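One file, query-v4.cif, is given below (mmCIF, C-alpha atoms).
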```cif
data_start
loop_
_atom_site.group_PDB
_atom_site.id
_atom_site.type_symbol
_atom_site.label_atom_id
_atom_site.label_comp_id
_atom_site.auth_asym_id
_atom_site.auth_seq_id
_atom_site.Cartn_x
_atom_site.Cartn_y
_atom_site.Cartn_z
ATOM 1 C CA MET A 88 0.000 0.000 0.000
ATOM 2 C CA GLN A 89 0.985 3.538 -0.680
ATOM 3 C CA ALA A 90 2.376 6.089 1.774
ATOM 4 C CA ALA A 91 1.360 9.712 1.293
ATOM 5 C CA GLY A 92 3.660 11.784 -0.909
ATOM 6 C CA MET A 93 5.889 8.840 -1.935
ATOM 7 C CA VAL A 94 6.288 8.297 -5.668
ATOM 8 C CA HIS A 95 5.981 4.744 -6.998
ATOM 9 C CA ASN A 96 5.975 3.566 -10.595
ATOM 10 C CA LEU A 97 3.315 1.255 -11.933
ATOM 11 C CA LEU A 98 5.668 -0.062 -14.639
ATOM 12 C CA SER A 99 8.644 -0.750 -12.359
ATOM 13 C CA ASN A 100 9.478 -3.861 -10.358
ATOM 14 C CA LEU A 101 7.269 -5.989 -12.542
ATOM 15 C CA PRO A 102 7.014 -9.601 -11.429
ATOM 16 C CA LEU A 103 8.475 -12.331 -13.603
ATOM 17 C CA ALA A 104 6.091 -14.392 -15.649
ATOM 18 C CA GLY A 105 4.280 -16.880 -13.437
ATOM 19 C CA ALA A 106 1.464 -19.331 -13.596
ATOM 20 C CA GLU A 107 -1.064 -16.733 -12.504
ATOM 21 C CA GLU A 108 -1.619 -13.067 -13.050
ATOM 22 C CA SER A 109 0.136 -10.960 -10.446
ATOM 23 C CA ILE A 110 -2.016 -8.573 -8.405
ATOM 24 C CA MET A 111 -0.612 -5.789 -6.206
ATOM 25 C CA PRO A 112 -2.778 -3.503 -4.082
ATOM 26 C CA ILE A 113 -2.065 0.203 -4.519
ATOM 27 C CA LEU A 114 -4.707 2.003 -2.485
ATOM 28 C CA GLU A 115 -7.760 0.799 -0.586
ATOM 29 C CA ARG A 116 -10.438 3.046 0.836
ATOM 30 C CA ARG A 117 -14.060 2.802 1.760
ATOM 31 C CA GLY A 118 -15.869 2.322 -1.530
ATOM 32 C CA PHE A 119 -13.017 1.214 -3.762
ATOM 33 C CA ARG A 120 -9.667 -0.538 -4.152
ATOM 34 C CA ILE A 121 -6.980 0.306 -6.721
ATOM 35 C CA GLU A 122 -4.782 -2.577 -7.891
ATOM 36 C CA ARG A 123 -2.047 -3.211 -10.408
ATOM 37 C CA ILE A 124 -2.492 -6.408 -12.397
ATOM 38 C CA VAL A 125 0.369 -7.815 -14.481
ATOM 39 C CA SER A 126 -0.345 -10.450 -17.144
ATOM 40 C CA HIS A 127 2.258 -12.408 -19.109
ATOM 41 C CA GLY A 128 0.241 -13.982 -21.885
ATOM 42 C CA HIS A 129 -2.421 -15.116 -19.443
ATOM 43 C CA ALA A 130 -5.966 -15.833 -20.569
ATOM 44 C CA THR A 131 -9.075 -16.816 -18.662
ATOM 45 C CA PRO A 132 -10.218 -20.420 -19.220
ATOM 46 C CA VAL A 133 -13.211 -20.457 -21.581
ATOM 47 C CA ASP A 134 -15.305 -22.451 -19.122
ATOM 48 C CA ARG A 135 -14.501 -20.175 -16.162
ATOM 49 C CA PRO A 136 -15.335 -16.580 -17.104
ATOM 50 C CA TYR A 137 -15.145 -13.862 -14.487
ATOM 51 C CA GLN A 138 -18.485 -12.781 -13.064
ATOM 52 C CA GLN A 139 -17.974 -10.376 -10.201
ATOM 53 C CA SER A 140 -20.278 -8.998 -7.544
ATOM 54 C CA GLU A 141 -18.618 -5.565 -7.847
ATOM 55 C CA ASP A 142 -18.264 -3.124 -10.707
ATOM 56 C CA GLU A 143 -14.662 -2.881 -11.899
ATOM 57 C CA TRP A 144 -13.012 -0.156 -13.968
ATOM 58 C CA VAL A 145 -9.872 -1.235 -15.823
ATOM 59 C CA MET A 146 -7.267 0.453 -18.004
ATOM 60 C CA VAL A 147 -4.389 -1.099 -19.921
ATOM 61 C CA VAL A 148 -1.283 0.960 -19.120
ATOM 62 C CA ALA A 149 1.315 -1.097 -21.014
ATOM 63 C CA GLY A 150 1.199 -4.105 -23.320
ATOM 64 C CA ALA A 151 -1.985 -5.206 -25.055
ATOM 65 C CA ALA A 152 -4.947 -7.441 -24.342
ATOM 66 C CA ARG A 153 -8.197 -8.787 -25.693
ATOM 67 C CA LEU A 154 -11.295 -9.093 -23.551
ATOM 68 C CA TRP A 155 -14.443 -11.038 -24.312
ATOM 69 C CA LEU A 156 -17.597 -9.446 -22.913
ATOM 70 C CA ASP A 157 -20.872 -11.341 -22.775
ATOM 71 C CA GLY A 158 -23.274 -9.738 -25.249
ATOM 72 C CA THR A 159 -20.562 -7.618 -26.905
ATOM 73 C CA GLY A 160 -17.935 -10.069 -28.076
ATOM 74 C CA GLU A 161 -14.210 -9.492 -28.166
ATOM 75 C CA VAL A 162 -12.610 -6.070 -27.730
ATOM 76 C CA GLU A 163 -8.961 -5.152 -28.270
ATOM 77 C CA LEU A 164 -7.179 -3.076 -25.657
ATOM 78 C CA ALA A 165 -4.053 -0.986 -26.200
ATOM 79 C CA PRO A 166 -2.341 1.351 -23.729
ATOM 80 C CA GLY A 167 -4.767 4.006 -22.498
ATOM 81 C CA ASP A 168 -7.838 1.921 -23.307
ATOM 82 C CA HIS A 169 -10.226 1.730 -20.373
ATOM 83 C CA LEU A 170 -13.691 0.404 -19.695
ATOM 84 C CA LEU A 171 -16.209 -0.269 -16.970
ATOM 85 C CA LEU A 172 -17.050 -3.918 -16.312
ATOM 86 C CA PRO A 173 -20.390 -3.873 -14.521
ATOM 87 C CA ALA A 174 -21.096 -6.337 -11.736
ATOM 88 C CA GLY A 175 -22.546 -9.548 -13.098
ATOM 89 C CA LEU A 176 -21.132 -9.151 -16.624
ATOM 90 C CA ARG A 177 -19.466 -12.376 -17.676
ATOM 91 C CA HIS A 178 -16.090 -11.599 -19.219
ATOM 92 C CA ARG A 179 -12.807 -13.258 -20.038
ATOM 93 C CA VAL A 180 -9.310 -12.138 -20.866
ATOM 94 C CA THR A 181 -8.814 -13.972 -24.160
ATOM 95 C CA TRP A 182 -5.251 -12.818 -24.910
ATOM 96 C CA THR A 183 -2.412 -10.726 -23.548
ATOM 97 C CA THR A 184 0.928 -10.064 -25.191
ATOM 98 C CA PRO A 185 3.093 -13.164 -24.705
ATOM 99 C CA ASP A 186 6.399 -11.367 -25.292
ATOM 100 C CA GLU A 187 6.022 -8.464 -22.859
ATOM 101 C CA PRO A 188 4.053 -7.898 -19.661
ATOM 102 C CA THR A 189 0.620 -6.328 -19.867
ATOM 103 C CA VAL A 190 0.075 -3.912 -16.994
ATOM 104 C CA TRP A 191 -3.486 -3.063 -15.956
ATOM 105 C CA LEU A 192 -4.799 -0.540 -13.522
ATOM 106 C CA ALA A 193 -7.978 -1.851 -11.902
ATOM 107 C CA VAL A 194 -10.403 -0.039 -9.620
ATOM 108 C CA HIS A 195 -12.763 -2.384 -7.773
ATOM 109 C CA ILE A 196 -15.888 -0.514 -6.789
ATOM 110 C CA ALA A 197 -17.914 -1.446 -3.730
ATOM 111 C CA PRO A 198 -21.569 -2.181 -4.482
ATOM 112 C CA MET B 85 -19.013 9.684 -18.197
ATOM 113 C CA GLN B 86 -18.464 6.106 -19.120
ATOM 114 C CA ALA B 87 -21.055 3.582 -20.310
ATOM 115 C CA ALA B 88 -20.597 -0.022 -19.217
ATOM 116 C CA GLY B 89 -18.585 -2.189 -21.592
ATOM 117 C CA MET B 90 -17.611 0.653 -23.953
ATOM 118 C CA VAL B 91 -13.883 1.097 -24.562
ATOM 119 C CA HIS B 92 -12.461 4.622 -24.418
ATOM 120 C CA ASN B 93 -8.834 5.708 -24.650
ATOM 121 C CA LEU B 94 -7.296 8.054 -22.129
ATOM 122 C CA LEU B 95 -4.696 9.244 -24.664
ATOM 123 C CA SER B 96 -7.117 9.927 -27.514
ATOM 124 C CA ASN B 97 -9.096 13.052 -28.312
ATOM 125 C CA LEU B 98 -6.736 15.186 -26.285
ATOM 126 C CA PRO B 99 -7.739 18.834 -26.060
ATOM 127 C CA LEU B 100 -5.588 21.469 -27.711
ATOM 128 C CA ALA B 101 -3.357 23.551 -25.492
ATOM 129 C CA GLY B 102 -5.393 26.135 -23.631
ATOM 130 C CA ALA B 103 -5.040 28.648 -20.883
ATOM 131 C CA GLU B 104 -6.048 26.125 -18.229
ATOM 132 C CA GLU B 105 -5.560 22.449 -17.629
ATOM 133 C CA SER B 106 -8.307 20.363 -19.171
ATOM 134 C CA ILE B 107 -10.282 18.087 -16.856
ATOM 135 C CA MET B 108 -12.621 15.329 -18.063
ATOM 136 C CA PRO B 109 -14.675 13.150 -15.730
ATOM 137 C CA ILE B 110 -14.366 9.415 -16.374
ATOM 138 C CA LEU B 111 -16.289 7.734 -13.572
ATOM 139 C CA GLU B 112 -17.976 9.049 -10.452
ATOM 140 C CA ARG B 113 -19.333 6.904 -7.651
ATOM 141 C CA ARG B 114 -20.040 7.272 -3.983
ATOM 142 C CA GLY B 115 -16.656 7.734 -2.380
ATOM 143 C CA PHE B 116 -14.542 8.699 -5.368
ATOM 144 C CA ARG B 117 -14.290 10.339 -8.794
ATOM 145 C CA ILE B 118 -11.888 9.365 -11.589
ATOM 146 C CA GLU B 119 -10.774 12.169 -13.926
ATOM 147 C CA ARG B 120 -8.403 12.674 -16.815
ATOM 148 C CA ILE B 121 -6.319 15.831 -16.556
ATOM 149 C CA VAL B 122 -4.362 17.122 -19.563
ATOM 150 C CA SER B 123 -1.602 19.706 -19.067
ATOM 151 C CA HIS B 124 0.264 21.549 -21.823
ATOM 152 C CA GLY B 125 3.194 23.114 -20.011
ATOM 153 C CA HIS B 126 0.925 24.363 -17.251
ATOM 154 C CA ALA B 127 2.268 25.137 -13.794
ATOM 155 C CA THR B 128 0.545 26.242 -10.601
ATOM 156 C CA PRO B 129 1.242 29.848 -9.577
ATOM 157 C CA VAL B 130 3.779 29.925 -6.715
ATOM 158 C CA ASP B 131 1.481 32.013 -4.547
ATOM 159 C CA ARG B 132 -1.564 29.788 -5.108
ATOM 160 C CA PRO B 133 -0.656 26.193 -4.251
ATOM 161 C CA TYR B 134 -3.342 23.555 -4.227
ATOM 162 C CA GLN B 135 -4.609 22.574 -0.781
ATOM 163 C CA GLN B 136 -7.543 20.233 -1.068
ATOM 164 C CA SER B 137 -10.103 18.960 1.401
ATOM 165 C CA GLU B 138 -9.974 15.489 -0.179
ATOM 166 C CA ASP B 139 -7.196 12.975 -0.644
ATOM 167 C CA GLU B 140 -6.219 12.613 -4.287
ATOM 168 C CA TRP B 141 -4.318 9.805 -5.984
ATOM 169 C CA VAL B 142 -2.604 10.759 -9.254
ATOM 170 C CA MET B 143 -0.620 8.952 -11.920
ATOM 171 C CA VAL B 144 1.175 10.381 -14.950
ATOM 172 C CA VAL B 145 0.158 8.268 -17.953
ATOM 173 C CA ALA B 146 1.949 10.228 -20.709
ATOM 174 C CA GLY B 147 4.332 13.175 -20.791
ATOM 175 C CA ALA B 148 6.275 14.310 -17.743
ATOM 176 C CA ALA B 149 5.781 16.632 -14.797
ATOM 177 C CA ARG B 150 7.337 18.021 -11.663
ATOM 178 C CA LEU B 151 5.371 18.442 -8.460
ATOM 179 C CA TRP B 152 6.353 20.445 -5.407
ATOM 180 C CA LEU B 153 5.096 18.962 -2.145
ATOM 181 C CA ASP B 154 5.189 20.941 1.084
ATOM 182 C CA GLY B 155 7.751 19.342 3.386
ATOM 183 C CA THR B 156 9.210 17.118 0.651
ATOM 184 C CA GLY B 157 10.290 19.480 -2.113
ATOM 185 C CA GLU B 158 10.151 18.809 -5.819
ATOM 186 C CA VAL B 159 9.545 15.359 -7.302
ATOM 187 C CA GLU B 160 9.860 14.331 -10.949
ATOM 188 C CA LEU B 161 7.105 12.286 -12.523
ATOM 189 C CA ALA B 162 7.424 10.107 -15.622
ATOM 190 C CA PRO B 163 4.811 7.793 -17.139
ATOM 191 C CA GLY B 164 3.646 5.233 -14.589
ATOM 192 C CA ASP B 165 4.673 7.365 -11.610
ATOM 193 C CA HIS B 166 1.896 7.681 -9.076
ATOM 194 C CA LEU B 167 1.446 9.108 -5.600
ATOM 195 C CA LEU B 168 -1.129 9.909 -2.963
ATOM 196 C CA LEU B 169 -1.655 13.587 -2.168
ATOM 197 C CA PRO B 170 -3.258 13.670 1.262
ATOM 198 C CA ALA B 171 -5.939 16.225 2.060
ATOM 199 C CA GLY B 172 -4.413 19.444 3.331
ATOM 200 C CA LEU B 173 -0.985 18.915 1.750
ATOM 201 C CA ARG B 174 0.041 22.073 -0.062
ATOM 202 C CA HIS B 175 1.383 21.178 -3.487
ATOM 203 C CA ARG B 176 2.052 22.734 -6.849
ATOM 204 C CA VAL B 177 2.649 21.517 -10.369
ATOM 205 C CA THR B 178 5.949 23.248 -11.091
ATOM 206 C CA TRP B 179 6.463 21.991 -14.660
ATOM 207 C CA THR B 180 4.889 19.863 -17.357
ATOM 208 C CA THR B 181 6.344 19.100 -20.775
ATOM 209 C CA PRO B 182 5.802 22.154 -22.977
ATOM 210 C CA ASP B 183 6.139 20.279 -26.272
ATOM 211 C CA GLU B 184 3.683 17.423 -25.686
ATOM 212 C CA PRO B 185 0.603 16.984 -23.525
ATOM 213 C CA THR B 186 0.968 15.492 -20.081
ATOM 214 C CA VAL B 187 -1.934 13.159 -19.304
ATOM 215 C CA TRP B 188 -2.783 12.422 -15.673
ATOM 216 C CA LEU B 189 -5.206 9.985 -14.168
ATOM 217 C CA ALA B 190 -6.612 11.421 -10.931
ATOM 218 C CA VAL B 191 -8.794 9.730 -8.341
ATOM 219 C CA HIS B 192 -10.454 12.172 -5.954
ATOM 220 C CA ILE B 193 -11.304 10.405 -2.727
ATOM 221 C CA ALA B 194 -14.232 11.463 -0.566
ATOM 222 C CA PRO B 195 -13.255 12.287 3.016
#
```

For this file, write the structure as structure tokens.
Amino acid sequence: MQAAGMVHNLLSNLPLAGAEESIMPILERRGFRIERIVSHGHATPVDRPYQQSEDEWVMVVAGAARLWLDGTGEVELAPGDHLLLPAGLRHRVTWTTPDEPTVWLAVHIAP
Amino acid sequence: MQAAGMVHNLLSNLPLAGAEESIMPILERRGFRIERIVSHGHATPVDRPYQQSEDEWVMVVAGAARLWLDGTGEVELAPGDHLLLPAGLRHRVTWTTPDEPTVWLAVHIAP
């Protein structure tokens, strides 16, 4: 978690590629939680989409990704791309760059 | 404001340089508000530092900036750099890149 006035870099000290996505908390307050997520070619299994009880706002900061959204289909995400994933929406990460880390900023929003 | 499932890009449709920083709301919920701030060489007047009643978390997404923080001095910010500005902390933007826009993501946190 973040101390007041201290500068940290979202793109520094990235974890090595692992079996799972890497999640690091940045700031947690009443009502929301900011996290950094780092993917190394990870994708969500087709038979296990995410379906969350909370709204989540995400932005790709580095790398690239594709997301499948129930009812919309697949969307491509480049750095700066952001979207709101409403609670209950089934979605999957279908692709992230295999040759470089994909860094997401995620804001989990309390219901 | 952002519709669910629609992809927007924080670095697209940047405003032209103007007399003031440009602020665009991205998402507002109980407890917090996410904004995009675009600076074009703007700096805060020395005699009018910011001093806010709310905590604010900021990250530089593109460009570069320098911030002066009361009690800390000046800090340099490059893309990915983020920090928490606690309520009451006097601070100033002392410099942003004059030749390209500096794009910030700001999360204003309700007290």

Could you make a table, as CSV, of the residues of chain A that have an atom within 7 Å of an atom of chain B, each with its nearest atom pair and distance in Å to one decimal, counting only C-alpha atoms, in chain and number order?
```
residue,atom,partner,partner_atom,distance
A:Ala91,CA,B:Leu168,CA,4.9
A:Gly92,CA,B:Leu168,CA,5.5
A:Met93,CA,B:Leu167,CA,5.8
A:Val94,CA,B:Leu167,CA,4.9
A:His95,CA,B:His166,CA,5.4
A:Asn96,CA,B:Asp165,CA,4.1
A:Leu97,CA,B:Gly164,CA,4.8
A:Leu98,CA,B:Gly164,CA,5.7
A:Arg117,CA,B:Gly115,CA,6.9
A:Gly118,CA,B:Gly115,CA,5.5
A:Gly167,CA,B:Leu94,CA,4.8
A:Asp168,CA,B:Asn93,CA,4.1
A:His169,CA,B:His92,CA,5.5
A:Leu170,CA,B:Val91,CA,4.9
A:Leu171,CA,B:Ala88,CA,4.9
A:Leu172,CA,B:Gly89,CA,5.8
A:Pro173,CA,B:Ala88,CA,6.1
```

Atom pair atom CA of Asn100 of chain A / atom CA of Leu192 of chain A: separation (Å):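 So the two atoms, atom CA of Asn100 of chain A and atom CA of Leu192 of chain A, lie 15.0 Å apart.
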
I'd like the box whose edges run along x, y and z of the file and which contains every listed atom of segment 140-159 of chain B, padded by 5 Å per side; could you state its centre and edge lengths in Å, one decimal, as AutoDock Vina command-line options?
```
--center_x 2.0 --center_y 14.6 --center_z -8.7 --size_x 26.5 --size_y 22.7 --size_z 34.2
```

Fitted chain B, least squares over ordered Cα pairs with chain A, as an mmCIF file with C-alpha atoms, in the coordinates of the input:
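Final file, superposed-v3.cif:
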```cif
data_model
loop_
_atom_site.group_PDB
_atom_site.id
_atom_site.type_symbol
_atom_site.label_atom_id
_atom_site.label_comp_id
_atom_site.auth_asym_id
_atom_site.auth_seq_id
_atom_site.Cartn_x
_atom_site.Cartn_y
_atom_site.Cartn_z
ATOM 1 C CA MET B 85 0.010 0.003 0.024
ATOM 2 C CA GLN B 86 0.985 3.543 -0.665
ATOM 3 C CA ALA B 87 2.379 6.097 1.791
ATOM 4 C CA ALA B 88 1.348 9.715 1.304
ATOM 5 C CA GLY B 89 3.657 11.773 -0.891
ATOM 6 C CA MET B 90 5.891 8.850 -1.923
ATOM 7 C CA VAL B 91 6.279 8.302 -5.667
ATOM 8 C CA HIS B 92 5.971 4.749 -6.989
ATOM 9 C CA ASN B 93 5.972 3.572 -10.595
ATOM 10 C CA LEU B 94 3.314 1.254 -11.931
ATOM 11 C CA LEU B 95 5.669 -0.061 -14.637
ATOM 12 C CA SER B 96 8.634 -0.758 -12.362
ATOM 13 C CA ASN B 97 9.467 -3.854 -10.352
ATOM 14 C CA LEU B 98 7.260 -5.992 -12.541
ATOM 15 C CA PRO B 99 7.005 -9.608 -11.436
ATOM 16 C CA LEU B 100 8.469 -12.334 -13.608
ATOM 17 C CA ALA B 101 6.079 -14.412 -15.659
ATOM 18 C CA GLY B 102 4.275 -16.899 -13.458
ATOM 19 C CA ALA B 103 1.452 -19.350 -13.594
ATOM 20 C CA GLU B 104 -1.080 -16.738 -12.504
ATOM 21 C CA GLU B 105 -1.619 -13.060 -13.050
ATOM 22 C CA SER B 106 0.125 -10.949 -10.447
ATOM 23 C CA ILE B 107 -2.021 -8.569 -8.404
ATOM 24 C CA MET B 108 -0.618 -5.787 -6.206
ATOM 25 C CA PRO B 109 -2.780 -3.502 -4.081
ATOM 26 C CA ILE B 110 -2.065 0.207 -4.519
ATOM 27 C CA LEU B 111 -4.714 2.004 -2.486
ATOM 28 C CA GLU B 112 -7.764 0.808 -0.595
ATOM 29 C CA ARG B 113 -10.432 3.055 0.861
ATOM 30 C CA ARG B 114 -14.063 2.796 1.780
ATOM 31 C CA GLY B 115 -15.864 2.295 -1.497
ATOM 32 C CA PHE B 116 -13.024 1.204 -3.749
ATOM 33 C CA ARG B 117 -9.657 -0.527 -4.150
ATOM 34 C CA ILE B 118 -6.979 0.319 -6.727
ATOM 35 C CA GLU B 119 -4.776 -2.569 -7.899
ATOM 36 C CA ARG B 120 -2.038 -3.203 -10.413
ATOM 37 C CA ILE B 121 -2.489 -6.401 -12.400
ATOM 38 C CA VAL B 122 0.371 -7.814 -14.488
ATOM 39 C CA SER B 123 -0.341 -10.449 -17.150
ATOM 40 C CA HIS B 124 2.261 -12.405 -19.119
ATOM 41 C CA GLY B 125 0.250 -13.993 -21.904
ATOM 42 C CA HIS B 126 -2.407 -15.118 -19.454
ATOM 43 C CA ALA B 127 -5.951 -15.836 -20.582
ATOM 44 C CA THR B 128 -9.068 -16.819 -18.657
ATOM 45 C CA PRO B 129 -10.215 -20.414 -19.205
ATOM 46 C CA VAL B 130 -13.216 -20.479 -21.576
ATOM 47 C CA ASP B 131 -15.301 -22.456 -19.109
ATOM 48 C CA ARG B 132 -14.516 -20.174 -16.157
ATOM 49 C CA PRO B 133 -15.337 -16.582 -17.106
ATOM 50 C CA TYR B 134 -15.147 -13.881 -14.490
ATOM 51 C CA GLN B 135 -18.492 -12.783 -13.058
ATOM 52 C CA GLN B 136 -17.984 -10.381 -10.205
ATOM 53 C CA SER B 137 -20.274 -8.985 -7.544
ATOM 54 C CA GLU B 138 -18.622 -5.559 -7.848
ATOM 55 C CA ASP B 139 -18.254 -3.125 -10.710
ATOM 56 C CA GLU B 140 -14.664 -2.878 -11.897
ATOM 57 C CA TRP B 141 -13.011 -0.160 -13.960
ATOM 58 C CA VAL B 142 -9.866 -1.237 -15.829
ATOM 59 C CA MET B 143 -7.273 0.455 -18.003
ATOM 60 C CA VAL B 144 -4.384 -1.092 -19.927
ATOM 61 C CA VAL B 145 -1.279 0.968 -19.133
ATOM 62 C CA ALA B 146 1.324 -1.103 -21.025
ATOM 63 C CA GLY B 147 1.202 -4.107 -23.333
ATOM 64 C CA ALA B 148 -1.977 -5.211 -25.074
ATOM 65 C CA ALA B 149 -4.945 -7.446 -24.359
ATOM 66 C CA ARG B 150 -8.194 -8.792 -25.702
ATOM 67 C CA LEU B 151 -11.290 -9.085 -23.551
ATOM 68 C CA TRP B 152 -14.441 -11.033 -24.311
ATOM 69 C CA LEU B 153 -17.590 -9.439 -22.912
ATOM 70 C CA ASP B 154 -20.866 -11.338 -22.775
ATOM 71 C CA GLY B 155 -23.270 -9.742 -25.244
ATOM 72 C CA THR B 156 -20.569 -7.623 -26.909
ATOM 73 C CA GLY B 157 -17.927 -10.079 -28.081
ATOM 74 C CA GLU B 158 -14.204 -9.499 -28.166
ATOM 75 C CA VAL B 159 -12.608 -6.074 -27.731
ATOM 76 C CA GLU B 160 -8.961 -5.146 -28.274
ATOM 77 C CA LEU B 161 -7.186 -3.076 -25.663
ATOM 78 C CA ALA B 162 -4.059 -0.984 -26.209
ATOM 79 C CA PRO B 163 -2.342 1.352 -23.744
ATOM 80 C CA GLY B 164 -4.761 4.003 -22.503
ATOM 81 C CA ASP B 165 -7.843 1.923 -23.309
ATOM 82 C CA HIS B 166 -10.223 1.737 -20.388
ATOM 83 C CA LEU B 167 -13.702 0.409 -19.709
ATOM 84 C CA LEU B 168 -16.208 -0.264 -16.972
ATOM 85 C CA LEU B 169 -17.059 -3.907 -16.310
ATOM 86 C CA PRO B 170 -20.395 -3.865 -14.517
ATOM 87 C CA ALA B 171 -21.101 -6.335 -11.732
ATOM 88 C CA GLY B 172 -22.532 -9.556 -13.104
ATOM 89 C CA LEU B 173 -21.135 -9.149 -16.627
ATOM 90 C CA ARG B 174 -19.459 -12.375 -17.672
ATOM 91 C CA HIS B 175 -16.095 -11.599 -19.225
ATOM 92 C CA ARG B 176 -12.814 -13.255 -20.041
ATOM 93 C CA VAL B 177 -9.305 -12.141 -20.863
ATOM 94 C CA THR B 178 -8.811 -13.968 -24.154
ATOM 95 C CA TRP B 179 -5.248 -12.814 -24.897
ATOM 96 C CA THR B 180 -2.417 -10.718 -23.530
ATOM 97 C CA THR B 181 0.931 -10.076 -25.191
ATOM 98 C CA PRO B 182 3.087 -13.171 -24.696
ATOM 99 C CA ASP B 183 6.401 -11.388 -25.263
ATOM 100 C CA GLU B 184 6.023 -8.461 -22.851
ATOM 101 C CA PRO B 185 4.050 -7.894 -19.668
ATOM 102 C CA THR B 186 0.627 -6.325 -19.878
ATOM 103 C CA VAL B 187 0.070 -3.904 -16.997
ATOM 104 C CA TRP B 188 -3.488 -3.056 -15.966
ATOM 105 C CA LEU B 189 -4.796 -0.525 -13.525
ATOM 106 C CA ALA B 190 -7.982 -1.845 -11.905
ATOM 107 C CA VAL B 191 -10.404 -0.038 -9.626
ATOM 108 C CA HIS B 192 -12.752 -2.379 -7.774
ATOM 109 C CA ILE B 193 -15.883 -0.511 -6.791
ATOM 110 C CA ALA B 194 -17.900 -1.444 -3.721
ATOM 111 C CA PRO B 195 -21.550 -2.201 -4.476
#
```

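Neighbours of Gly150 of chain A closer than or equal to 10 Å, with all atoms listed in the file counted and sequence neighbours fewer than 3 positions away skipped, come out as Val125, Ser126, His127, Val147, Leu164, Ala165, Pro166, Thr183, Thr184, Pro185, Asp186, Glu187, Pro188, Thr189, Val190 and Trp191 of chain A.
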
Would you save the residues from that selection as a short mmCIF file (atom, residue, chain, number, x, y, z; two decimals), keeping the file's coordinate frame, using C-alpha atoms?
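Heads up, here's the output in part_30.cif:
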```cif
data_model
loop_
_atom_site.label_atom_id
_atom_site.label_comp_id
_atom_site.auth_asym_id
_atom_site.auth_seq_id
_atom_site.Cartn_x
_atom_site.Cartn_y
_atom_site.Cartn_z
CA VAL A 125 0.37 -7.82 -14.48
CA SER A 126 -0.34 -10.45 -17.14
CA HIS A 127 2.26 -12.41 -19.11
CA VAL A 147 -4.39 -1.10 -19.92
CA LEU A 164 -7.18 -3.08 -25.66
CA ALA A 165 -4.05 -0.99 -26.20
CA PRO A 166 -2.34 1.35 -23.73
CA THR A 183 -2.41 -10.73 -23.55
CA THR A 184 0.93 -10.06 -25.19
CA PRO A 185 3.09 -13.16 -24.70
CA ASP A 186 6.40 -11.37 -25.29
CA GLU A 187 6.02 -8.46 -22.86
CA PRO A 188 4.05 -7.90 -19.66
CA THR A 189 0.62 -6.33 -19.87
CA VAL A 190 0.08 -3.91 -16.99
CA TRP A 191 -3.49 -3.06 -15.96
#
```

Pro109 of chain B environment, 9 Å, all atoms listed in the file, sequence neighbours closer than 2 positions dropped, as a PyMOL selection string: chain B and resi 85-86+107+111-112+117-121

For atom CA of Asp134 of chain A and atom CA of Val180 of chain A, the interatomic separation in Å (one decimal):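 Pair atom CA of Asp134 of chain A / atom CA of Val180 of chain A returns 12.1 Å.
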
Coordinates-based distance that separates atom CA of Arg179 of chain A from atom CA of Pro136 of chain A (Å, one decimal):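 Going from atom CA of Pro136 of chain A over to atom CA of Arg179 of chain A, I get 5.1 Å.
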
Neighbour list for Trp179 of chain B as a VMD selection string, cut-off 8 Å, all atoms listed in the file, skip fewer than 5 positions in-chain: chain B and resid 125 to 127 149 to 151

Given the PyMOL selection byres ((chain A and resi 138) around 6), the residues it picks as a list in words: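 That expression, the PyMOL selection byres ((chain A and resi 138) around 6), corresponds here to Tyr137, Gln139, Gly175, Leu176 and Arg177 of chain A.
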